[in-house]
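With mmCIF, C-alpha atoms inside, this is data-v7.cif:
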```cif
data_start
#
loop_
_atom_site.label_atom_id
_atom_site.label_comp_id
_atom_site.auth_asym_id
_atom_site.auth_seq_id
_atom_site.Cartn_x
_atom_site.Cartn_y
_atom_site.Cartn_z
CA MET A 26 -26.72 2.64 -20.21
CA ALA A 27 -27.17 6.40 -20.46
CA ASP A 28 -27.25 6.56 -16.67
CA VAL A 29 -23.96 4.72 -16.44
CA ASP A 30 -22.40 7.10 -18.92
CA ARG A 31 -23.76 10.15 -17.11
CA LEU A 32 -22.74 8.94 -13.65
CA LEU A 33 -19.27 8.02 -14.88
CA ALA A 34 -18.89 11.49 -16.39
CA GLU A 35 -20.09 13.08 -13.14
CA TYR A 36 -17.65 11.03 -11.11
CA LYS A 37 -14.73 11.91 -13.36
CA GLU A 38 -15.61 15.58 -13.04
CA ALA A 39 -15.82 15.31 -9.25
CA HIS A 40 -12.53 13.41 -9.22
CA ARG A 41 -10.81 16.14 -11.19
CA ASP A 42 -12.34 18.96 -9.17
CA SER A 43 -11.36 17.36 -5.86
CA GLY A 44 -7.77 16.80 -6.90
CA GLY A 45 -8.30 13.04 -6.85
CA ASP A 46 -10.10 12.67 -3.54
CA ALA A 47 -13.68 12.14 -4.70
CA ASP A 48 -15.36 9.15 -3.06
CA PRO A 49 -17.06 7.02 -5.77
CA ARG A 50 -19.66 5.44 -3.47
CA PRO A 51 -22.28 8.21 -3.67
CA PHE A 52 -22.22 7.84 -7.45
CA LEU A 53 -22.54 4.05 -7.23
CA ALA A 54 -25.48 4.48 -4.89
CA ARG A 55 -27.39 6.23 -7.66
CA ALA A 56 -27.21 3.18 -9.93
CA SER A 57 -28.78 -0.22 -9.41
CA GLY A 58 -28.62 -3.76 -10.68
CA PRO A 59 -26.24 -4.49 -13.56
CA ASP A 60 -25.72 -0.76 -14.16
CA ARG A 61 -24.19 -0.46 -10.73
CA THR A 62 -21.75 -3.30 -11.41
CA VAL A 63 -20.76 -1.85 -14.76
CA LEU A 64 -20.34 1.63 -13.30
CA SER A 65 -18.14 0.24 -10.54
CA ALA A 66 -15.95 -1.57 -13.06
CA LEU A 67 -15.63 1.52 -15.27
CA ILE A 68 -14.75 3.81 -12.36
CA GLU A 69 -12.19 1.26 -11.30
CA ALA A 70 -10.66 1.23 -14.78
CA TYR A 71 -10.64 5.04 -14.78
CA LEU A 72 -8.88 5.18 -11.39
CA GLU A 73 -6.30 2.63 -12.50
CA ARG A 74 -5.39 4.89 -15.40
CA ALA A 75 -5.60 8.24 -13.64
CA PRO A 76 -2.27 10.02 -13.68
CA ARG A 77 -0.20 10.35 -10.54
CA ARG A 78 -1.27 13.55 -8.84
CA GLU A 79 1.26 16.21 -7.98
CA LEU A 80 2.57 16.47 -4.47
CA ASP A 81 0.73 19.14 -2.52
CA SER A 82 3.04 19.81 0.41
CA ALA A 83 0.39 21.56 2.48
CA ALA A 84 -2.11 18.74 2.07
CA PHE A 85 0.57 16.09 2.56
CA THR A 86 1.90 17.36 5.88
CA GLY A 87 0.27 15.52 8.75
CA SER A 88 -1.91 13.43 6.43
CA ALA A 89 -2.41 9.67 6.32
CA SER A 90 -0.19 9.74 3.23
CA ALA A 91 2.60 11.32 5.25
CA LEU A 92 2.31 8.59 7.88
CA LEU A 93 2.47 5.89 5.23
CA ALA A 94 5.44 7.56 3.53
CA GLU A 95 7.22 7.62 6.86
CA GLN A 96 6.60 3.90 7.34
CA VAL A 97 7.92 3.15 3.85
CA GLU A 98 10.96 5.25 4.52
CA ARG A 99 11.64 3.57 7.87
CA SER A 100 11.36 0.17 6.27
CA LEU A 101 13.70 1.03 3.42
CA ALA A 102 16.23 2.91 5.50
CA GLY A 103 15.99 0.83 8.65
CA GLU A 104 17.08 -2.55 9.81
CA SER A 105 13.72 -4.05 10.74
CA GLY A 106 12.19 -4.80 7.34
CA MET A 107 8.46 -4.21 7.22
CA TRP A 108 7.99 -4.04 10.98
CA PRO A 109 7.62 -0.21 11.00
CA ALA A 110 4.49 -0.61 8.91
CA ILE A 111 3.18 -3.91 10.19
CA LEU A 112 3.64 -3.73 13.95
CA PRO A 113 1.61 -0.54 14.50
CA ARG A 114 -1.21 -1.98 12.38
CA LEU A 115 -1.21 -5.31 14.19
CA ARG A 116 -1.27 -3.49 17.49
CA SER A 117 -4.15 -1.36 16.28
CA ARG A 118 -6.10 -4.40 15.07
CA ALA A 119 -5.57 -6.07 18.42
CA ARG A 120 -6.89 -2.85 19.99
CA LEU A 121 -3.87 -2.52 22.23
CA ARG A 122 -2.10 0.63 23.31
CA ARG A 123 1.65 0.34 23.06
CA SER A 124 2.00 0.41 26.84
CA ASP A 125 -0.46 -2.49 27.16
CA LEU A 126 1.32 -4.49 24.49
CA VAL A 127 4.67 -3.86 26.15
CA ALA A 128 3.32 -4.95 29.53
CA GLN A 129 2.03 -8.19 28.01
CA LEU A 130 5.24 -8.76 26.09
CA ALA A 131 7.40 -8.21 29.16
CA ALA A 132 5.22 -10.61 31.14
CA ARG A 133 5.43 -13.30 28.47
CA LEU A 134 9.21 -12.89 28.38
CA GLY A 135 9.41 -13.18 32.17
CA ALA A 136 10.79 -9.64 32.26
CA SER A 137 8.03 -7.67 33.94
CA ALA A 138 10.62 -6.05 36.17
CA GLN A 139 12.30 -4.66 33.04
CA GLN A 140 9.19 -3.47 31.27
CA GLU A 141 10.75 -0.13 30.42
CA LYS A 142 13.64 -1.78 28.64
CA VAL A 143 11.34 -4.18 26.78
CA GLY A 144 9.32 -1.12 25.77
CA ALA A 145 12.41 0.61 24.45
CA TYR A 146 13.29 -2.37 22.29
CA TYR A 147 9.72 -2.71 21.04
CA HIS A 148 9.78 0.98 20.17
CA GLN A 149 12.94 0.37 18.15
CA MET A 150 11.23 -2.47 16.30
CA GLU A 151 8.36 -0.17 15.31
CA GLN A 152 10.81 2.54 14.29
CA GLY A 153 12.96 0.23 12.16
CA LEU A 154 15.97 0.78 14.38
CA LEU A 155 16.49 -2.74 15.69
CA PRO A 156 18.22 -5.27 13.41
CA ALA A 157 15.62 -7.96 12.78
CA ALA A 158 18.22 -10.72 12.68
CA GLY A 159 19.08 -10.17 16.33
CA VAL A 160 15.52 -10.53 17.62
CA SER A 161 15.03 -14.00 19.07
CA GLU A 162 12.30 -16.49 18.26
CA THR A 163 11.24 -16.19 21.89
CA VAL A 164 10.38 -12.52 21.39
CA LEU A 165 8.67 -13.07 18.05
CA ASP A 166 6.66 -15.99 19.41
CA ALA A 167 5.52 -13.94 22.41
CA LEU A 168 4.74 -10.91 20.27
CA GLY A 169 2.92 -13.05 17.72
CA LYS A 170 0.67 -14.52 20.39
CA ILE A 171 -0.28 -11.01 21.52
CA VAL A 172 -1.07 -9.58 18.08
CA GLY A 173 -2.32 -12.75 16.37
CA TRP A 174 0.51 -13.43 13.96
CA SER A 175 2.90 -16.35 13.78
CA ALA A 176 6.53 -15.92 14.78
CA ASP A 177 7.49 -17.15 11.32
CA ALA A 178 5.41 -14.47 9.58
CA LEU A 179 6.90 -11.79 11.83
CA ARG A 180 10.38 -13.08 11.04
CA ARG A 181 9.72 -12.94 7.31
CA ALA A 182 8.31 -9.44 7.58
CA GLY A 183 11.43 -8.33 9.42
CA GLU A 184 13.58 -9.59 6.58
CA MET A 185 11.76 -7.73 3.77
CA PRO A 186 12.98 -5.65 2.15
CA ALA A 187 16.59 -6.43 2.91
CA ALA A 188 18.19 -3.83 5.16
CA GLY A 189 19.89 -0.99 3.35
CA PRO A 190 23.48 0.08 3.83
CA PRO A 191 24.37 2.30 6.79
CA ARG A 192 23.20 5.87 6.52
CA ALA A 193 25.79 8.37 5.37
CA ASP A 194 25.25 10.27 8.61
CA ALA A 195 25.11 7.18 10.81
CA GLY A 196 26.84 7.39 14.13
CA ALA A 197 26.11 7.93 17.75
CA VAL A 198 23.14 10.09 16.88
CA PHE A 199 21.60 7.31 14.79
CA ALA A 200 21.05 5.07 17.76
CA ARG A 201 19.04 7.79 19.43
CA THR A 202 17.11 9.11 16.48
CA THR A 203 13.89 7.95 14.94
CA ARG A 204 13.72 7.52 11.20
CA ALA A 205 11.48 10.56 11.04
CA GLY A 206 14.35 12.58 12.38
CA ALA A 207 12.82 13.32 15.77
CA PRO A 208 14.88 12.41 18.83
CA MET A 209 13.64 9.38 20.68
CA PRO A 210 12.41 10.22 24.14
CA ALA A 211 15.33 9.65 26.48
CA ALA A 212 13.20 7.49 28.74
CA GLU A 213 12.69 5.05 25.88
CA VAL A 214 16.37 4.46 25.22
CA PRO A 215 17.77 1.70 27.40
CA GLU A 216 21.14 3.02 28.45
CA SER A 217 22.25 -0.39 29.64
CA SER A 218 21.63 -1.80 26.18
CA LEU A 219 23.90 0.75 24.53
CA ALA A 220 26.96 -0.13 26.55
CA GLY A 221 27.79 -2.88 29.01
CA ASP A 222 25.41 -4.72 31.30
CA TRP A 223 24.31 -7.07 28.55
CA ASP A 224 21.53 -8.96 30.24
CA GLU A 225 18.86 -11.46 29.25
CA VAL A 226 16.56 -8.81 27.75
CA ASP A 227 19.41 -7.53 25.58
CA ARG A 228 20.11 -11.08 24.48
CA LEU A 229 16.46 -11.68 23.61
CA PHE A 230 16.27 -8.58 21.40
CA ARG A 231 19.81 -8.29 20.10
CA GLY A 232 21.46 -11.69 20.38
CA GLU A 233 24.84 -12.29 21.96
CA PRO A 234 26.99 -9.26 22.83
CA PRO A 235 29.39 -8.31 20.01
CA SER A 236 32.48 -9.14 22.00
CA ALA A 237 31.22 -12.47 23.30
CA MET B 20 29.84 5.04 -1.94
CA SER B 21 27.50 5.28 -4.95
CA ASP B 22 27.50 8.21 -7.35
CA PHE B 23 24.11 9.37 -6.12
CA ARG B 24 23.31 13.01 -6.86
CA GLU B 25 20.42 14.62 -5.05
CA LEU B 26 17.77 16.37 -7.12
CA PRO B 27 15.76 19.41 -6.02
CA ALA B 28 12.28 18.43 -4.85
CA HIS B 29 10.54 20.16 -7.74
CA HIS B 30 12.53 18.06 -10.23
CA LEU B 31 11.15 14.87 -8.72
CA HIS B 32 7.63 15.70 -9.91
CA GLY B 33 8.80 15.35 -13.50
CA LEU B 34 10.20 11.84 -13.02
CA SER B 35 8.25 8.75 -14.01
CA ASP B 36 7.31 6.22 -11.35
CA ASP B 37 10.11 3.90 -12.28
CA GLU B 38 12.58 6.78 -12.37
CA LEU B 39 11.46 7.75 -8.87
CA ILE B 40 11.97 4.17 -7.70
CA GLY B 41 15.43 4.17 -9.27
CA TYR B 42 16.26 7.50 -7.65
CA THR B 43 15.11 6.21 -4.25
CA ARG B 44 17.16 3.06 -4.70
CA ARG B 45 20.30 5.07 -5.44
CA ALA B 46 19.66 7.33 -2.45
CA ARG B 47 19.24 4.24 -0.28
CA GLU B 48 22.47 2.71 -1.58
CA ALA B 49 24.23 5.95 -0.76
CA GLY B 50 22.78 5.91 2.75
CA ARG B 51 20.93 9.16 1.99
CA GLN B 52 17.70 8.67 3.88
CA ASP B 53 17.04 12.40 3.76
CA ALA B 54 17.03 12.31 -0.03
CA MET B 55 14.70 9.29 -0.13
CA LYS B 56 11.98 11.16 1.73
CA PRO B 57 10.72 13.54 -0.98
CA ALA B 58 10.74 10.83 -3.67
CA ILE B 59 8.68 8.49 -1.48
CA ALA B 60 6.34 11.37 -0.67
CA VAL B 61 5.73 12.01 -4.38
CA LEU B 62 4.80 8.36 -4.94
CA VAL B 63 2.64 7.97 -1.85
CA HIS B 64 0.76 11.25 -2.20
CA GLY B 65 0.47 10.66 -5.93
CA TYR B 66 -1.31 7.33 -5.66
CA ARG B 67 -2.83 6.80 -2.22
CA ALA B 68 -6.14 8.55 -2.95
CA GLN B 69 -6.60 6.54 -6.18
CA LEU B 70 -6.03 3.30 -4.33
CA VAL B 71 -8.32 4.25 -1.45
CA ASN B 72 -11.09 5.17 -3.86
CA ARG B 73 -10.62 1.95 -5.80
CA ALA B 74 -10.85 0.01 -2.55
CA ARG B 75 -13.99 1.98 -1.57
CA LEU B 76 -15.70 0.49 -4.60
CA LYS B 77 -15.33 -2.96 -3.04
CA LEU B 78 -15.10 -2.55 0.72
CA ALA B 79 -17.78 -1.24 3.03
CA SER B 80 -15.83 0.83 5.50
CA ASP B 81 -13.39 3.67 5.02
CA ALA B 82 -11.07 2.09 7.57
CA ASP B 83 -10.88 -1.15 5.60
CA ALA B 84 -10.39 0.69 2.31
CA GLU B 85 -7.58 2.80 3.72
CA GLU B 86 -5.88 -0.15 5.35
CA VAL B 87 -5.96 -2.28 2.21
CA ALA B 88 -4.80 0.65 0.06
CA ASP B 89 -1.93 1.41 2.43
CA GLU B 90 -0.85 -2.21 2.43
CA ALA B 91 -0.87 -2.32 -1.37
CA LEU B 92 1.09 0.89 -1.77
CA PHE B 93 3.59 -0.08 0.91
CA SER B 94 4.13 -3.50 -0.69
CA ALA B 95 4.42 -2.08 -4.20
CA ILE B 96 7.15 0.37 -3.20
CA THR B 97 9.13 -1.91 -0.92
CA SER B 98 8.93 -4.87 -3.30
CA ALA B 99 10.80 -2.78 -5.85
CA PHE B 100 13.76 -3.06 -3.50
CA ASP B 101 13.89 -6.79 -2.97
CA GLY B 102 13.42 -7.90 -6.55
CA SER B 103 9.88 -9.21 -6.10
CA SER B 104 8.06 -6.54 -8.11
CA VAL B 105 6.80 -7.40 -11.57
CA GLY B 106 6.74 -4.99 -14.51
CA GLU B 107 5.65 -1.40 -14.47
CA PHE B 108 5.17 0.11 -11.01
CA ARG B 109 1.62 1.40 -11.40
CA SER B 110 0.32 -1.82 -12.91
CA TRP B 111 2.05 -3.86 -10.20
CA MET B 112 0.59 -1.62 -7.49
CA HIS B 113 -2.96 -2.07 -8.81
CA THR B 114 -2.42 -5.82 -9.15
CA ILE B 115 -1.38 -5.96 -5.49
CA LEU B 116 -4.45 -3.91 -4.50
CA SER B 117 -6.73 -6.36 -6.33
CA ARG B 118 -5.08 -9.22 -4.49
CA ARG B 119 -5.35 -7.44 -1.14
CA ILE B 120 -9.07 -6.82 -1.68
CA ALA B 121 -9.59 -10.51 -2.40
CA ASP B 122 -7.46 -11.41 0.65
CA HIS B 123 -9.56 -9.08 2.75
CA TYR B 124 -12.73 -10.95 1.78
CA GLU B 125 -11.09 -14.30 2.43
CA ALA B 126 -9.77 -13.22 5.83
CA ARG B 127 -13.17 -11.82 6.76
CA ASN B 128 -14.87 -15.05 5.76
CA ARG B 129 -12.38 -17.05 7.81
CA ARG B 130 -13.01 -14.84 10.81
CA ALA B 131 -16.75 -15.13 10.36
CA ALA B 132 -16.41 -18.92 10.37
CA THR B 133 -14.31 -18.95 13.52
CA THR B 134 -15.85 -16.29 15.71
CA GLU B 135 -16.05 -18.71 18.58
CA LEU B 136 -12.30 -19.26 18.60
CA PRO B 137 -10.16 -17.19 20.95
CA SER B 138 -7.49 -16.57 18.28
CA GLU B 139 -9.69 -14.43 16.08
CA HIS B 140 -6.78 -12.76 14.33
CA VAL B 141 -4.93 -15.91 13.34
CA GLY B 142 -4.60 -15.90 9.58
CA ASP B 143 -4.61 -12.13 9.19
CA GLU B 144 -0.97 -12.32 8.26
CA ASP B 145 -2.09 -13.47 4.84
CA VAL B 146 -3.33 -9.95 4.20
CA TRP B 147 0.29 -8.84 4.28
CA GLY B 148 1.42 -11.48 1.81
CA ARG B 149 4.04 -10.12 -0.51
CA GLU B 150 2.55 -10.85 -3.88
CA PRO B 151 -0.39 -12.52 -5.53
CA SER B 152 -0.01 -16.20 -4.74
CA VAL B 153 -3.26 -17.77 -5.93
CA PRO B 154 -5.39 -17.15 -9.00
CA PHE B 155 -7.64 -14.12 -8.80
CA GLU B 156 -11.20 -14.96 -7.94
CA GLY B 157 -14.39 -13.46 -6.67
CA GLU B 158 -16.77 -10.74 -7.76
CA ALA B 159 -14.38 -8.01 -6.67
CA LEU B 160 -11.98 -9.01 -9.38
CA PHE B 161 -14.34 -10.40 -11.99
CA ALA B 162 -15.79 -7.04 -13.09
CA ARG B 163 -12.29 -5.71 -13.61
CA GLU B 164 -11.44 -8.69 -15.77
CA CYS B 165 -14.58 -8.15 -17.85
CA VAL B 166 -13.57 -4.56 -18.57
CA GLU B 167 -10.10 -5.59 -19.63
CA ARG B 168 -11.47 -8.40 -21.77
CA ALA B 169 -13.98 -6.13 -23.49
CA LEU B 170 -11.16 -3.72 -24.21
CA SER B 171 -8.95 -6.46 -25.63
CA GLU B 172 -11.80 -7.56 -27.91
CA LEU B 173 -11.82 -4.22 -29.71
CA VAL B 174 -9.95 -5.06 -32.90
CA ASP B 175 -9.99 -1.51 -34.25
CA ALA B 176 -7.15 0.45 -32.65
CA ARG B 177 -9.12 3.71 -33.05
CA HIS B 178 -11.97 2.28 -31.02
CA ARG B 179 -9.59 1.20 -28.27
CA ARG B 180 -8.14 4.69 -28.26
CA VAL B 181 -11.61 6.23 -27.95
CA VAL B 182 -12.40 4.01 -24.96
CA GLU B 183 -9.07 4.90 -23.34
CA LEU B 184 -9.59 8.62 -23.96
CA TYR B 185 -13.30 8.94 -23.21
CA THR B 186 -14.47 6.07 -21.02
CA PHE B 187 -11.31 5.60 -18.98
CA GLY B 188 -9.74 8.98 -19.57
CA PRO B 189 -10.52 12.51 -18.47
CA HIS B 190 -11.72 13.73 -21.87
CA SER B 191 -15.14 14.78 -23.10
CA ALA B 192 -16.61 13.13 -26.18
CA VAL B 193 -15.65 16.15 -28.29
CA GLU B 194 -12.08 16.13 -27.02
CA ALA B 195 -11.79 12.38 -27.48
CA ALA B 196 -13.02 12.68 -31.09
CA GLU B 197 -10.44 15.36 -31.82
CA LEU B 198 -7.63 13.41 -30.19
CA ALA B 199 -8.58 10.18 -31.93
CA GLY B 200 -8.60 11.99 -35.31
CA GLU B 201 -9.30 10.08 -38.50
CA ARG B 202 -12.71 11.71 -39.00
CA MET B 203 -13.93 10.54 -35.61
CA THR B 204 -17.01 12.48 -34.50
CA GLU B 205 -18.61 13.12 -31.14
CA ALA B 206 -21.47 10.84 -32.14
CA ASN B 207 -18.99 8.09 -33.04
CA VAL B 208 -17.41 8.41 -29.62
CA HIS B 209 -20.74 8.00 -27.85
CA GLN B 210 -21.59 5.04 -30.07
CA ILE B 211 -18.28 3.29 -29.41
CA ALA B 212 -18.48 3.94 -25.67
CA SER B 213 -22.05 2.67 -25.53
CA ARG B 214 -21.17 -0.52 -27.41
CA PHE B 215 -18.21 -1.05 -25.12
CA GLN B 216 -20.36 -0.70 -22.00
CA ARG B 217 -22.93 -3.12 -23.41
CA ARG B 218 -20.17 -5.64 -24.02
CA VAL B 219 -18.93 -5.28 -20.44
CA THR B 220 -22.49 -5.87 -19.23
CA GLU B 221 -22.79 -8.98 -21.41
CA LEU B 222 -19.57 -10.39 -20.05
CA LEU B 223 -20.62 -9.68 -16.48
CA GLU B 224 -24.03 -11.28 -16.94
CA GLY B 225 -22.71 -14.21 -18.94
CA GLY B 226 -19.92 -15.10 -16.56
CA GLY B 227 -17.36 -14.07 -19.11
CA ASP B 228 -18.32 -16.76 -21.62
CA THR B 229 -20.46 -14.68 -23.96
CA ALA B 230 -19.03 -14.58 -27.46
CA GLY B 231 -18.05 -11.11 -28.58
#
```
Could you express the structure from this file as structure tokens?
Amino acid sequence: MADVDRLLAEYKEAHRDSGGDADPRPFLARASGPDRTVLSALIEAYLERAPRRELDSAAFTGSASALLAEQVERSLAGESGMWPAILPRLRSRARLRRSDLVAQLAARLGASAQQEKVGAYYHQMEQGLLPAAGVSETVLDALGKIVGWSADALRRAGEMPAAGPPRADAGAVFARTTRAGAPMPAAEVPESSLAGDWDEVDRLFRGEPPSA
Amino acid sequence: MSDFRELPAHHLHGLSDDELIGYTRRAREAGRQDAMKPAIAVLVHGYRAQLVNRARLKLASDADAEEVADEALFSAITSAFDGSSVGEFRSWMHTILSRRIADHYEARNRRAATTELPSEHVGDEDVWGREPSVPFEGEALFARECVERALSELVDARHRRVVELYTFGPHSAVEAAELAGERMTEANVHQIASRFQRRVTELLEGGGDTAG
């Protein structure tokens, strides 16, 4: 038991000294049998109660935390529910580059000739810019088959959390701006989808044209 | 338009978790995505490392631990916006993490049982479930339950406080004795902590049925 107490104390010290980053596994590795299980449970209880650490802007910038915060923000501020967080992960799990996924998606939609436009819409789904309600079952079914999710699960993810109200600064710029504030590459914005020329790909990703 | 009033970034550090959630909600309702950003950053940076380290206690790879932690943190924050969160933010976040760890094991077991199937990712969507949907089970969660049960069995409030301060908290035995007051000594603190750890061990070895 003394070992558990000592290792727990050492971990807590390392945790404090590292600003909360200390990996507990090297400490667990020094215990064995029941002691190891108890130590794991006690470290877990300690971590559950550890206070929220202060934001360190320098450490935050460019970190995995910053990426996650951006995904949360896109989901809350956007119109695509949880897609900004889920789609990149599903794509990563499927070991697909975005260009490969887009090529497969366009092929499944019978729109290989409009791969660039399909790619622009998929980009908007990942960025939280495309209203989930307008995306057809055909698209979700095709996408689901590529990344290993059901169309129904993708639909539900797109609906949660409910879309927020329009941004105070929404306008023409909004349609061309990512949620992180960086301009979308012009090549990824389908001009024909912004005005006129409402074709089958537009219908698949956005539903019927507003004036129809 | 809501009556949202933006706070300077340094003021956000002083807000509680639930106040930060409330602030983010008001910014969202006002369409102020720019004002949401720093509040989300405080929450994500404040808790991600804790969650990753908790997940490292249970999962073998860093990649798995980070993915599960990110999913839990993302779900905890976004669920506060669609009415599906339960109780205090931090507690809800850790509950989701526990569920995600269990889901991870279940998904891995399913994959292991179906490695011959072409759709190896089918079922992974469960990992992104929104909230705990089945009773907690498995070793990953059992040790945590034993700790909480051993704590709840302490009938003397001073002893519970010692465990919170010393075993789960950042304090030394001397500090914990001073903070607990009521003639508590350093030796008492060690004795209480040792008894508590023995009780956790008993519960773990006895499957939780050992009388206290």
Neighbours of chain A in chain B at 7 Å, counting only C-alpha atoms, as a ChimeraX atom specification: /B:32,47-52,56,59-61,63-69,72-73,75-76,89,93,97-98,100-101,113,138,140-141,144,162-163,166,187-189,219-220
Chain and number of each residue from the PyMOL selection byres ((chain A and resi 138-153) around 8), as a PDB file with C-alpha atoms, keeping the file's coordinate frame:
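File part.pdb, as written:
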```
ATOM      1  CA  ARG A  99      11.640   3.570   7.870  1.00  0.00           C
ATOM      2  CA  SER A 100      11.360   0.170   6.270  1.00  0.00           C
ATOM      3  CA  ALA A 102      16.230   2.910   5.500  1.00  0.00           C
ATOM      4  CA  GLY A 103      15.990   0.830   8.650  1.00  0.00           C
ATOM      5  CA  GLU A 104      17.080  -2.550   9.810  1.00  0.00           C
ATOM      6  CA  SER A 105      13.720  -4.050  10.740  1.00  0.00           C
ATOM      7  CA  GLY A 106      12.190  -4.800   7.340  1.00  0.00           C
ATOM      8  CA  TRP A 108       7.990  -4.040  10.980  1.00  0.00           C
ATOM      9  CA  PRO A 109       7.620  -0.210  11.000  1.00  0.00           C
ATOM     10  CA  ALA A 110       4.490  -0.610   8.910  1.00  0.00           C
ATOM     11  CA  LEU A 112       3.640  -3.730  13.950  1.00  0.00           C
ATOM     12  CA  PRO A 113       1.610  -0.540  14.500  1.00  0.00           C
ATOM     13  CA  SER A 124       2.000   0.410  26.840  1.00  0.00           C
ATOM     14  CA  VAL A 127       4.670  -3.860  26.150  1.00  0.00           C
ATOM     15  CA  ALA A 128       3.320  -4.950  29.530  1.00  0.00           C
ATOM     16  CA  LEU A 130       5.240  -8.760  26.090  1.00  0.00           C
ATOM     17  CA  ALA A 131       7.400  -8.210  29.160  1.00  0.00           C
ATOM     18  CA  ALA A 136      10.790  -9.640  32.260  1.00  0.00           C
ATOM     19  CA  SER A 137       8.030  -7.670  33.940  1.00  0.00           C
ATOM     20  CA  LEU A 154      15.970   0.780  14.380  1.00  0.00           C
ATOM     21  CA  LEU A 155      16.490  -2.740  15.690  1.00  0.00           C
ATOM     22  CA  PRO A 156      18.220  -5.270  13.410  1.00  0.00           C
ATOM     23  CA  ALA A 157      15.620  -7.960  12.780  1.00  0.00           C
ATOM     24  CA  THR A 203      13.890   7.950  14.940  1.00  0.00           C
ATOM     25  CA  ARG A 204      13.720   7.520  11.200  1.00  0.00           C
ATOM     26  CA  GLU A 213      12.690   5.050  25.880  1.00  0.00           C
ATOM     27  CA  VAL A 214      16.370   4.460  25.220  1.00  0.00           C
ATOM     28  CA  PRO A 215      17.770   1.700  27.400  1.00  0.00           C
ATOM     29  CA  VAL A 226      16.560  -8.810  27.750  1.00  0.00           C
ATOM     30  CA  PHE A 230      16.270  -8.580  21.400  1.00  0.00           C
TER      31      PHE A 230
END
```
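When atom CA of B:Ser110 is paired with atom CA of B:Glu224, their separation reads 26.4 Å.
The space separating atom CA of B:Leu173 from atom CA of B:Ala212 comes to 11.3 Å.
Separating atom CA of A:Asp42 from atom CA of B:Thr186 is a distance of 17.6 Å.
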Exercise: B:Arg202 partners within 12 Å, all atoms listed in the file, chain neighbours under 6 positions left out, as a ChimeraX atom specification: /B:177,193,195-196,208
Please, could you write that set of residues out with C-alpha atoms as an mmCIF file, in the frame of the given file?
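The resulting file, part.cif, is shown below:
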```cif
data_model
loop_
_atom_site.group_PDB
_atom_site.id
_atom_site.type_symbol
_atom_site.label_atom_id
_atom_site.label_comp_id
_atom_site.auth_asym_id
_atom_site.auth_seq_id
_atom_site.Cartn_x
_atom_site.Cartn_y
_atom_site.Cartn_z
ATOM 1 C CA ARG B 177 -9.120 3.710 -33.050
ATOM 2 C CA VAL B 193 -15.650 16.150 -28.290
ATOM 3 C CA ALA B 195 -11.790 12.380 -27.480
ATOM 4 C CA ALA B 196 -13.020 12.680 -31.090
ATOM 5 C CA VAL B 208 -17.410 8.410 -29.620
#
```
